[in-house]
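Peer 1: Provided below: final.txt, containing compact mmCIF, C-alpha atoms.
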```
# COMPACT_ATOMS: atom_id res chain seq x y z
CA MET H 240 0.00 0.00 0.00
CA MET H 241 1.41 3.38 -1.00
CA ASP H 242 2.15 5.94 1.68
CA ARG H 243 -0.32 8.72 0.95
CA ALA H 244 2.14 11.38 2.03
CA VAL H 245 4.93 10.42 -0.37
CA PRO H 246 4.38 10.30 -4.14
CA LYS H 247 6.39 7.69 -6.01
CA PHE H 248 8.87 8.84 -8.68
CA ALA H 249 10.53 6.90 -11.49
CA THR H 250 13.41 8.46 -13.43
CA LEU H 251 14.68 7.40 -16.83
CA GLY H 252 17.59 8.87 -18.76
CA CYS H 253 20.23 11.43 -17.94
CA ARG H 254 21.68 12.90 -14.76
CA LEU H 255 19.75 16.13 -15.41
CA ASN H 256 16.52 14.15 -15.26
CA ALA H 257 17.63 12.71 -11.92
CA TYR H 258 18.33 16.23 -10.67
CA GLU H 259 14.91 17.43 -11.80
CA THR H 260 13.20 14.47 -10.17
CA GLU H 261 14.67 15.58 -6.85
CA ALA H 262 13.30 19.06 -7.49
CA MET H 263 9.87 17.62 -8.28
CA LYS H 264 9.95 15.66 -5.03
CA GLU H 265 10.44 18.91 -3.13
CA LEU H 266 7.78 20.75 -5.14
CA SER H 267 5.20 17.99 -4.77
CA ALA H 268 5.89 17.64 -1.04
CA ALA H 269 5.52 21.38 -0.52
CA ALA H 270 2.21 21.32 -2.42
CA GLY H 271 0.92 18.32 -0.47
CA ILE H 272 0.49 15.93 -3.40
CA GLU H 273 -0.84 12.52 -2.36
CA ASP H 274 -1.34 9.14 -4.02
CA ALA H 275 0.59 9.95 -7.19
CA VAL H 276 3.15 8.22 -9.37
CA VAL H 277 5.36 10.45 -11.52
CA VAL H 278 7.38 9.06 -14.45
CA ASN H 279 10.17 11.36 -15.67
CA THR H 280 10.85 10.10 -19.20
CA CYS H 281 13.78 10.21 -21.63
CA ALA H 282 13.59 10.66 -25.41
CA VAL H 283 17.23 10.23 -26.42
CA THR H 284 16.51 7.03 -28.40
CA ALA H 285 13.48 5.11 -29.60
CA GLU H 286 14.47 2.43 -27.08
CA ALA H 287 14.32 5.00 -24.27
CA VAL H 288 10.74 5.86 -25.25
CA ARG H 289 9.83 2.16 -25.38
CA LYS H 290 11.25 1.69 -21.88
CA ALA H 291 9.24 4.67 -20.66
CA ARG H 292 5.99 3.07 -21.86
CA GLN H 293 7.02 -0.22 -20.28
CA GLU H 294 7.72 1.51 -16.96
CA ILE H 295 4.37 3.33 -17.08
CA ARG H 296 2.47 0.05 -17.56
CA LYS H 297 4.43 -1.62 -14.76
CA LEU H 298 3.82 1.23 -12.32
CA ARG H 299 0.12 1.29 -13.12
CA ARG H 300 -0.15 -2.41 -12.31
CA GLU H 301 1.69 -1.85 -9.03
CA ASN H 302 -0.31 1.29 -8.12
CA PRO H 303 -3.81 0.84 -9.55
CA GLU H 304 -5.42 3.58 -7.43
CA ALA H 305 -2.75 6.27 -7.78
CA ARG H 306 -2.80 9.19 -10.19
CA LEU H 307 -0.15 8.52 -12.81
CA ILE H 308 1.63 11.60 -14.17
CA VAL H 309 4.07 11.49 -17.10
CA THR H 310 6.65 14.20 -17.75
CA GLY H 311 10.19 14.56 -19.15
CA CYS H 312 11.57 14.76 -22.67
CA ALA H 313 9.47 11.99 -24.22
CA ALA H 314 6.33 13.58 -22.79
CA GLN H 315 7.42 16.98 -24.10
CA THR H 316 8.12 15.80 -27.65
CA ASP H 317 5.11 13.48 -28.04
CA PRO H 318 2.53 14.30 -25.34
CA ASP H 319 -0.50 13.01 -27.22
CA SER H 320 0.83 9.47 -27.54
CA PHE H 321 1.35 9.26 -23.77
CA ALA H 322 -2.04 10.85 -23.11
CA ALA H 323 -3.58 8.13 -25.27
CA MET H 324 -2.30 5.43 -22.90
CA ASP H 325 -5.05 4.14 -20.64
CA GLU H 326 -2.61 3.99 -17.73
CA VAL H 327 -1.84 7.74 -17.85
CA ASP H 328 -3.89 10.39 -16.06
CA LEU H 329 -1.87 13.49 -16.88
CA VAL H 330 1.01 14.59 -19.12
CA ILE H 331 3.01 17.68 -18.12
CA GLY H 332 5.88 19.33 -19.98
CA ASN H 333 9.49 19.92 -19.01
CA THR H 334 8.79 23.55 -18.17
CA GLU H 335 5.62 22.82 -16.23
CA LYS H 336 7.21 20.09 -14.10
CA MET H 337 9.63 22.61 -12.57
CA GLN H 338 6.98 25.22 -11.70
CA PRO H 339 5.56 25.29 -8.14
CA ALA H 340 2.19 26.43 -9.51
CA THR H 341 1.81 23.14 -11.41
CA TRP H 342 2.06 21.05 -8.25
CA THR H 343 -0.06 23.44 -6.20
CA ALA H 344 -2.81 23.20 -8.81
CA LEU H 345 -2.62 19.40 -8.82
CA ALA H 346 -2.89 19.28 -5.04
CA ALA H 347 -5.85 21.64 -5.08
CA SER H 348 -7.66 19.68 -7.81
CA PRO H 349 -7.00 15.98 -7.23
CA ASP H 350 -9.81 14.95 -9.56
CA PHE H 351 -8.18 16.33 -12.67
CA ILE H 352 -8.72 13.20 -14.80
CA GLY H 353 -10.42 14.00 -18.07
CA GLU H 354 -9.53 14.48 -21.72
CA THR H 355 -9.62 18.29 -21.62
CA GLU H 356 -7.12 18.41 -18.77
CA LYS H 357 -4.95 15.47 -19.68
CA VAL H 358 -2.14 17.33 -21.48
CA ARG H 359 -0.41 20.36 -19.99
CA VAL H 360 2.56 20.90 -22.28
CA ASP H 361 3.53 24.33 -23.62
CA ASP H 362 5.90 25.22 -26.47
CA ILE H 363 9.37 24.56 -25.03
CA MET H 364 10.97 26.77 -27.70
CA SER H 365 9.27 29.81 -26.17
CA VAL H 366 11.08 29.35 -22.84
CA THR H 367 13.87 31.90 -22.33
CA GLU H 368 14.93 31.21 -18.74
CA THR H 369 16.04 28.22 -16.71
CA ALA H 370 13.69 26.95 -14.06
CA GLY H 371 13.61 29.14 -10.99
CA HIS H 372 13.48 26.17 -8.62
CA LEU H 373 17.00 25.13 -7.62
CA ILE H 374 17.55 22.33 -5.15
CA ASP H 375 20.45 22.20 -2.75
CA GLY H 376 21.87 18.93 -4.01
CA PHE H 377 20.78 15.41 -3.24
CA GLY H 378 22.38 12.40 -1.67
CA ARG H 379 24.99 12.80 1.03
CA HIS H 380 28.22 12.79 -0.92
CA ARG H 381 27.95 14.64 -4.22
CA ALA H 382 25.68 17.51 -5.23
CA TYR H 383 24.57 18.29 -8.78
CA VAL H 384 23.99 21.88 -9.81
CA GLN H 385 22.09 22.57 -13.02
CA VAL H 386 23.69 25.60 -14.66
CA GLN H 387 22.29 25.24 -18.18
CA ASN H 388 19.34 23.76 -20.03
CA GLY H 389 18.38 23.28 -23.66
CA CYS H 390 20.47 23.15 -26.84
CA ASP H 391 20.85 25.42 -29.88
CA HIS H 392 22.48 22.75 -32.05
CA ARG H 393 20.61 20.40 -34.35
CA CYS H 394 22.53 17.15 -34.61
CA THR H 395 20.74 14.99 -37.16
CA PHE H 396 20.18 12.08 -34.75
CA CYS H 397 18.95 14.07 -31.77
CA ILE H 398 15.42 14.92 -30.62
CA ILE H 399 16.52 16.46 -27.31
CA PRO H 400 16.40 20.17 -28.37
CA PHE H 401 12.68 19.68 -28.97
CA GLY H 402 12.32 18.25 -25.48
CA ARG H 403 14.50 20.81 -23.73
CA GLY H 404 14.19 23.97 -25.84
CA ASN H 405 16.90 26.44 -26.76
CA SER H 406 20.02 26.91 -24.66
CA ARG H 407 19.62 29.06 -21.56
CA SER H 408 21.97 29.65 -18.66
CA VAL H 409 21.75 30.19 -14.92
CA PRO H 410 23.62 33.43 -14.04
CA ALA H 411 27.01 32.91 -12.43
CA GLY H 412 26.04 34.71 -9.22
CA VAL H 413 23.10 32.37 -8.68
CA VAL H 414 25.33 29.34 -9.27
CA VAL H 415 27.99 30.58 -6.84
CA GLU H 416 25.44 31.24 -4.10
CA GLN H 417 23.93 27.80 -4.49
CA ILE H 418 27.34 26.12 -4.30
CA ARG H 419 28.14 28.12 -1.16
CA ARG H 420 24.96 26.73 0.43
CA LEU H 421 25.96 23.22 -0.58
CA VAL H 422 29.43 23.60 0.94
CA ASP H 423 27.87 24.99 4.11
CA ARG H 424 25.71 21.86 4.26
CA GLY H 425 28.79 19.66 4.11
CA PHE H 426 28.99 18.55 0.48
CA ASN H 427 32.58 17.86 -0.57
CA GLU H 428 31.96 17.62 -4.30
CA VAL H 429 29.78 19.60 -6.70
CA VAL H 430 29.06 18.58 -10.30
CA LEU H 431 28.05 21.19 -12.87
CA THR H 432 25.41 19.75 -15.17
CA GLY H 433 23.36 20.79 -18.18
CA VAL H 434 22.08 19.61 -21.56
CA ASP H 435 24.85 21.38 -23.53
CA LEU H 436 27.15 22.50 -20.75
CA THR H 437 29.82 24.18 -22.89
CA SER H 438 27.22 26.55 -24.33
CA TRP H 439 26.75 28.06 -20.85
CA GLY H 440 26.82 31.85 -20.90
CA GLY H 441 25.97 32.39 -24.56
CA ASP H 442 22.65 33.98 -23.61
CA LEU H 443 23.99 36.03 -20.67
CA PRO H 444 25.28 39.63 -20.74
CA GLY H 445 28.87 39.74 -21.95
CA ARG H 446 28.59 36.13 -23.21
CA PRO H 447 30.85 34.51 -20.59
CA ARG H 448 32.13 30.98 -21.19
CA LEU H 449 32.06 27.83 -19.10
CA GLY H 450 35.71 28.33 -18.13
CA ASP H 451 34.83 31.74 -16.70
CA LEU H 452 32.16 30.12 -14.53
CA VAL H 453 34.54 27.39 -13.34
CA MET H 454 37.25 29.89 -12.40
CA ARG H 455 34.72 32.11 -10.65
CA ILE H 456 33.35 29.22 -8.57
CA LEU H 457 36.81 28.09 -7.50
CA ARG H 458 37.83 31.65 -6.62
CA LEU H 459 34.68 32.65 -4.74
CA VAL H 460 34.03 29.33 -2.97
CA PRO H 461 37.49 28.52 -1.60
CA ASP H 462 36.12 25.92 0.84
CA LEU H 463 34.77 23.72 -1.98
CA PRO H 464 37.08 20.66 -2.04
CA ARG H 465 36.10 19.23 -5.42
CA LEU H 466 34.41 20.61 -8.54
CA ARG H 467 33.48 18.25 -11.34
CA ILE H 468 32.18 18.93 -14.85
CA SER H 469 29.70 16.61 -16.52
CA SER H 470 29.53 16.01 -20.28
CA ILE H 471 31.12 18.67 -22.50
CA ASP H 472 31.52 19.34 -26.21
CA SER H 473 35.31 19.47 -26.53
CA ILE H 474 35.26 21.74 -29.58
CA GLU H 475 33.71 24.44 -27.37
CA ALA H 476 36.33 24.25 -24.61
CA ASP H 477 37.49 27.83 -23.99
CA ASP H 478 40.84 29.22 -22.84
CA ASN H 479 39.79 29.63 -19.21
CA LEU H 480 38.53 26.06 -19.05
CA MET H 481 41.89 24.84 -20.29
CA LEU H 482 43.58 27.14 -17.76
CA ALA H 483 41.48 25.64 -14.97
CA ILE H 484 42.45 22.14 -16.11
CA ALA H 485 46.11 23.13 -15.96
CA THR H 486 46.15 25.10 -12.70
CA GLU H 487 43.22 24.11 -10.47
CA PRO H 488 43.71 20.84 -8.55
CA ARG H 489 40.19 21.17 -7.14
CA LEU H 490 38.80 20.71 -10.68
CA MET H 491 38.55 16.95 -11.04
CA PRO H 492 40.70 15.32 -13.77
CA HIS H 493 37.81 13.56 -15.50
CA LEU H 494 35.91 14.84 -18.52
CA HIS H 495 33.07 13.10 -20.32
CA LEU H 496 33.20 14.05 -24.00
CA SER H 497 30.34 14.20 -26.47
CA LEU H 498 32.29 12.65 -29.36
CA GLN H 499 29.58 10.43 -30.96
CA ALA H 500 31.85 9.08 -33.74
CA GLY H 501 35.43 8.89 -34.94
CA ASP H 502 34.92 9.14 -38.69
CA ASP H 503 34.87 12.53 -40.40
CA MET H 504 32.14 11.69 -42.91
CA ILE H 505 29.87 10.30 -40.20
CA LEU H 506 30.55 13.35 -38.02
CA LYS H 507 29.52 15.60 -40.91
CA ARG H 508 26.36 13.58 -41.50
CA MET H 509 25.62 13.84 -37.79
CA LYS H 510 26.07 17.63 -38.16
CA ARG H 511 28.67 17.66 -35.41
CA ARG H 512 31.04 20.62 -35.19
CA HIS H 513 34.29 18.72 -34.78
CA LEU H 514 36.37 16.23 -36.76
CA ARG H 515 38.32 13.24 -35.42
CA ASP H 516 41.61 15.19 -35.37
CA ASP H 517 39.95 17.87 -33.23
CA ALA H 518 38.99 15.22 -30.65
CA ILE H 519 42.48 13.69 -30.62
CA ARG H 520 44.11 17.10 -30.35
CA PHE H 521 41.89 18.12 -27.43
CA CYS H 522 42.61 14.93 -25.48
CA GLU H 523 46.35 15.28 -26.07
CA GLU H 524 46.32 18.92 -24.92
CA ALA H 525 44.16 18.28 -21.85
CA ARG H 526 46.40 15.41 -20.81
CA ARG H 527 49.50 17.52 -21.40
CA LEU H 528 48.06 20.16 -19.07
CA ARG H 529 46.87 17.57 -16.55
CA PRO H 530 48.75 14.26 -16.86
CA ASP H 531 46.28 12.39 -14.62
CA MET H 532 43.30 13.38 -16.78
CA THR H 533 40.89 10.61 -17.80
CA PHE H 534 38.14 10.75 -20.40
CA GLY H 535 34.74 9.23 -20.86
CA ALA H 536 32.84 9.56 -24.11
CA ASP H 537 29.52 9.02 -25.84
CA ILE H 538 29.86 7.03 -29.08
CA ILE H 539 27.07 5.91 -31.40
CA ALA H 540 27.42 2.58 -33.21
CA GLY H 541 25.68 1.93 -36.53
CA PHE H 542 24.80 5.50 -37.49
CA PRO H 543 23.07 5.57 -40.92
CA THR H 544 25.48 5.02 -43.87
CA GLU H 545 28.27 3.85 -41.51
CA THR H 546 30.52 1.39 -43.35
CA GLU H 547 32.89 -1.04 -41.67
CA ALA H 548 35.80 1.27 -42.51
CA MET H 549 33.98 4.23 -40.97
CA PHE H 550 33.23 2.20 -37.85
CA ALA H 551 36.89 1.20 -37.65
CA ASN H 552 37.74 4.90 -37.27
CA SER H 553 35.41 5.15 -34.27
CA LEU H 554 36.91 2.00 -32.79
CA LYS H 555 40.45 3.37 -33.21
CA LEU H 556 39.43 6.62 -31.53
CA VAL H 557 39.02 4.75 -28.24
CA THR H 558 42.78 4.16 -28.05
CA GLU H 559 43.85 7.27 -29.96
CA CYS H 560 42.07 9.48 -27.41
CA ASP H 561 42.83 7.03 -24.59
CA LEU H 562 39.18 6.94 -23.56
CA THR H 563 38.44 5.10 -20.33
CA TRP H 564 34.71 5.26 -19.60
CA LEU H 565 32.52 4.72 -22.67
CA HIS H 566 28.78 5.21 -23.06
CA VAL H 567 27.97 3.24 -26.21
CA PHE H 568 24.63 3.83 -27.95
CA PRO H 569 23.46 1.46 -30.69
CA TYR H 570 21.81 3.82 -33.16
CA SER H 571 18.04 3.66 -33.36
CA PRO H 572 16.05 6.05 -35.56
CA ARG H 573 14.06 8.78 -33.84
CA PRO H 574 11.03 9.84 -35.90
CA GLY H 575 11.26 13.50 -36.81
CA THR H 576 15.05 13.61 -37.06
CA PRO H 577 16.99 13.88 -40.36
CA ALA H 578 19.03 10.77 -39.57
CA ALA H 579 15.86 8.67 -39.50
CA ARG H 580 15.46 9.39 -43.23
CA MET H 581 19.02 8.33 -44.11
CA PRO H 582 19.94 4.81 -45.31
CA GLN H 583 19.93 2.64 -42.20
CA VAL H 584 22.54 0.10 -41.09
CA ASP H 585 21.28 -3.45 -40.52
CA GLY H 586 20.29 -3.88 -36.87
CA ARG H 587 22.45 -6.99 -36.41
CA VAL H 588 25.49 -5.09 -37.69
CA THR H 589 24.73 -2.20 -35.34
CA LYS H 590 24.44 -4.57 -32.39
CA ASP H 591 27.76 -6.22 -33.26
CA ARG H 592 29.54 -2.88 -33.60
CA ALA H 593 28.16 -1.70 -30.26
CA ALA H 594 29.47 -4.88 -28.64
CA ARG H 595 32.93 -4.33 -30.16
CA LEU H 596 32.99 -0.75 -28.89
CA ARG H 597 31.98 -1.89 -25.40
CA ALA H 598 34.71 -4.53 -25.45
CA ALA H 599 37.28 -1.89 -26.40
CA GLY H 600 36.01 0.29 -23.58
CA ALA H 601 36.19 -2.55 -21.09
CA ALA H 602 39.81 -3.19 -22.09
CA GLN H 603 40.59 0.49 -21.50
CA VAL H 604 39.00 0.33 -18.05
CA ARG H 605 41.05 -2.74 -17.13
CA ARG H 606 44.23 -1.00 -18.29
CA HIS H 607 43.42 2.13 -16.29
CA LEU H 608 42.55 0.22 -13.12
CA SER H 609 45.65 -1.95 -13.28
CA ALA H 610 47.82 1.16 -13.52
CA GLN H 611 46.38 2.47 -10.23
CA VAL H 612 47.63 -0.40 -8.05
CA GLY H 613 50.15 0.91 -5.56
CA ARG H 614 49.10 4.51 -6.03
CA ILE H 615 47.65 6.87 -3.44
CA HIS H 616 44.25 8.41 -4.16
CA ASP H 617 41.86 10.78 -2.43
CA VAL H 618 38.52 8.98 -2.49
CA LEU H 619 35.08 10.53 -2.03
CA MET H 620 32.96 8.01 -0.13
CA GLU H 621 29.56 7.46 -1.76
CA HIS H 622 28.62 4.60 0.56
CA PRO H 623 30.27 3.23 3.71
CA ARG H 624 32.40 0.79 1.71
CA MET H 625 32.48 2.38 -1.75
CA GLY H 626 33.85 5.63 -3.11
CA ARG H 627 35.36 7.16 -6.23
CA THR H 628 38.74 8.57 -7.14
CA ALA H 629 39.14 12.00 -8.70
CA GLN H 630 39.18 10.20 -12.08
CA PHE H 631 35.81 8.61 -11.16
CA ALA H 632 37.07 5.04 -10.72
CA GLU H 633 35.04 3.05 -8.20
CA VAL H 634 36.92 1.99 -5.06
CA ALA H 635 35.87 -0.72 -2.59
CA PHE H 636 36.95 -0.92 1.06
CA ASP H 637 36.78 -3.83 3.50
CA SER H 638 35.70 -1.63 6.41
CA ASP H 639 33.19 1.18 6.81
CA GLN H 640 34.28 4.73 6.06
CA PRO H 641 32.35 7.96 6.76
CA GLU H 642 29.91 8.55 3.92
CA GLY H 643 30.51 11.86 2.12
CA ALA H 644 34.07 12.21 3.45
CA ILE H 645 37.18 12.44 1.30
CA ILE H 646 39.70 9.93 2.57
CA THR H 647 43.25 9.10 1.51
CA ALA H 648 43.76 5.49 0.46
CA GLU H 649 46.33 3.22 -1.14
CA ILE H 650 45.08 1.09 -4.02
CA ASN H 651 46.04 -2.52 -3.32
CA GLY H 652 44.17 -4.44 -5.99
CA VAL H 653 41.53 -4.68 -8.71
CA ASP H 654 38.27 -6.56 -8.33
CA GLY H 655 36.44 -6.70 -11.66
CA ASP H 656 35.61 -3.16 -12.70
CA ARG H 657 36.50 -1.55 -9.38
CA LEU H 658 39.61 -0.87 -7.35
CA ARG H 659 40.28 -2.19 -3.86
CA ALA H 660 41.96 0.07 -1.30
CA LEU H 661 43.12 0.46 2.25
CA ARG H 662 42.72 3.73 4.08
CA ILE H 663 45.98 5.33 5.17
```
Can I see the file as structure tokens?

Peer 2:
Amino acid sequence: MMDRAVPKFATLGCRLNAYETEAMKELSAAAGIEDAVVVNTCAVTAEAVRKARQEIRKLRRENPEARLIVTGCAAQTDPDSFAAMDEVDLVIGNTEKMQPATWTALAASPDFIGETEKVRVDDIMSVTETAGHLIDGFGRHRAYVQVQNGCDHRCTFCIIPFGRGNSRSVPAGVVVEQIRRLVDRGFNEVVLTGVDLTSWGGDLPGRPRLGDLVMRILRLVPDLPRLRISSIDSIEADDNLMLAIATEPRLMPHLHLSLQAGDDMILKRMKRRHLRDDAIRFCEEARRLRPDMTFGADIIAGFPTETEAMFANSLKLVTECDLTWLHVFPYSPRPGTPAARMPQVDGRVTKDRAARLRAAGAAQVRRHLSAQVGRIHDVLMEHPRMGRTAQFAEVAFDSDQPEGAIITAEINGVDGDRLRALRI
């Protein structure tokens, strides 16, 4: 039986969605929402949308009497299809889900079910500001701060700009004040997050860059032990960001890169703004400035028109850029995107290529972990017996450590895809 005082939330997709789910929990609690299930969907691939529908059906079976609300990017881009599901009571957009008035209205009118009220989704492209509701982190160890939303680029495979709207930035002063509150509450690590993080500042007076924000945070919040950046577009890395990489030990030596492919023709057909040599050059320069730098990357396997030779260039990029943590996406067509109209690669070939990329990534992880044995690392404890290094490698301990603390440890072994360590 569901606790009437606590709505149930299900999150699919990216870290930003997870952040926004935490905000919705606060908003719904403040409004007094009861007996509700909220599904925060993802639209990055057709598979993500399929999983969202599957989750909705599952949650309806488990909570037959609750109001079921669907939001997120899939709901924003195709609200009518979710509204047509018998399991769904209400569909709200990405803008609406972050507005206190939405949740207050739902609490005041619990009997909202009906066709005329079933969809509450406005034009995301008309939104010019980030959501005003900022949460002070979540969890006990690492806090995520949304500094940007939306995207102005139109990659041919991507539906996300139509779910998130155009790029818009949180002013630097607001970001700094929020991080100060997080540090005061005891958080030892803050992660800057957004949909297209390196576009931060383009809509603000003076058009500051992400590097300016990073340097400002580190200067004005001297008590912040660790600052981490989530996914970036390396071609947009500015001079101050590179300066921070070179000179600021509190900026963590781990960058997740939106690379997507390693073949120039495929990159052009994706409408990306970099070529393979740009990616290699960036990784070489970042590692020259910060020798302990590690990289993750998003790579798509089986993009339309991809030949075996083109795929081989993506596969080689894993070692040429010395990528450690890969997110591999088997391409699946998203209706409404240009790539969906291009000649498609056979699904079996795509699946095989994705497996080969994952195998290459796993080999890189093993190589990285093996090289850490005998080294000393500062580890942020996420759980009593598990933490992460500055390079984001998982570390296991045999005895409990204080959750949220940064402890110094010697790596004494490798256990699968994680390190083992002893506190010193």

Peer 1: Quick one: residues within 9 Å of Gly501 in chain H, all atoms listed in the file, excluding same-chain residues fewer than 4 positions away - as a list in words?

Peer 2: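 Here the qualifying residues turn out to be Ile505, Leu506, Leu514, Arg515, Asp516, Ala518, Ile538, Met549, Phe550, Ala551, Asn552, Ser553, Leu554, Lys555, Leu556 and Val557 of chain H.
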
Peer 1: Could I get the residues of range 363-465 of chain H with an atom no further than 8 Å from an atom of range 473-478 of chain H, each paired with its nearest atom pair and that distance in Å to one decimal, using only C-alpha atoms, sorted by chain and residue number, as CSV?

Peer 2:
```
residue,atom,partner,partner_atom,distance
H:Thr437,CA,H:Glu475,CA,5.9
H:Ser438,CA,H:Glu475,CA,7.5
H:Arg448,CA,H:Asp477,CA,6.8
H:Leu449,CA,H:Asp477,CA,7.3
H:Gly450,CA,H:Asp477,CA,6.1
```

Peer 1: From the set H:His566, H:Arg508, H:Arg455, H:Lys590, which residue has the shortest atom-to-atom contact distance to Cys394 in chain H, counting all atoms listed in the file?

Peer 2: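 Smallest separation from Cys394 in chain H among the options: H:Arg508.
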
Peer 1: When you draw a straight line from CA of Leu658 in chain H to CA of Arg254 in chain H, how long is it in Å?

Peer 2: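 Rounded to one decimal, the two atoms are 23.8 Å apart.
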
Peer 1: Which protein, DNA or RNA residues have an atom at most 12 Å from (5.7, 0.2, -12.2), counting only C-alpha atoms? List them as JSON, numbers by chain.

Peer 2: {"H": [247, 248, 249, 250, 276, 277, 278, 290, 291, 292, 293, 294, 295, 296, 297, 298, 299, 300, 301, 302, 303, 305, 307, 326]}

Peer 1: Expressed in Å to a single decimal, how great is the separation between CA of Trp439 in chain H and CA of Val567 in chain H?

Peer 2: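 That distance, rounded to one decimal, is 25.4 Å.
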
Peer 1: Between H:Arg527, H:Arg419, H:Lys357, H:Arg662, single out the one closest to Ile615 in chain H, counting only C-alpha atoms.

Peer 2: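 Checking each of H:Arg527, H:Arg419, H:Lys357, H:Arg662 against Ile615 in chain H, counting only C-alpha atoms, the winner is H:Arg662.
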
Peer 1: Between H:Ala525, H:Met625, H:Met481, H:Ile308, which is the closest to Cys560 in chain H once you count all atoms listed in the file?

Peer 2: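 Of H:Ala525, H:Met625, H:Met481, H:Ile308, the one nearest Cys560 in chain H is H:Ala525, counting all atoms listed in the file.
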
Peer 1: Please provide the set of residues having any atom within 12 Å of Cys312 in chain H, restricted to only C-alpha atoms, with same-chain residues fewer than 4 positions apart removed, written as an NGL selection string.

Peer 2: :H and (250-253 or 255-256 or 259 or 278-284 or 287-288 or 291 or 316-318 or 321 or 330-336 or 360 or 363 or 389 or 397-404 or 434)
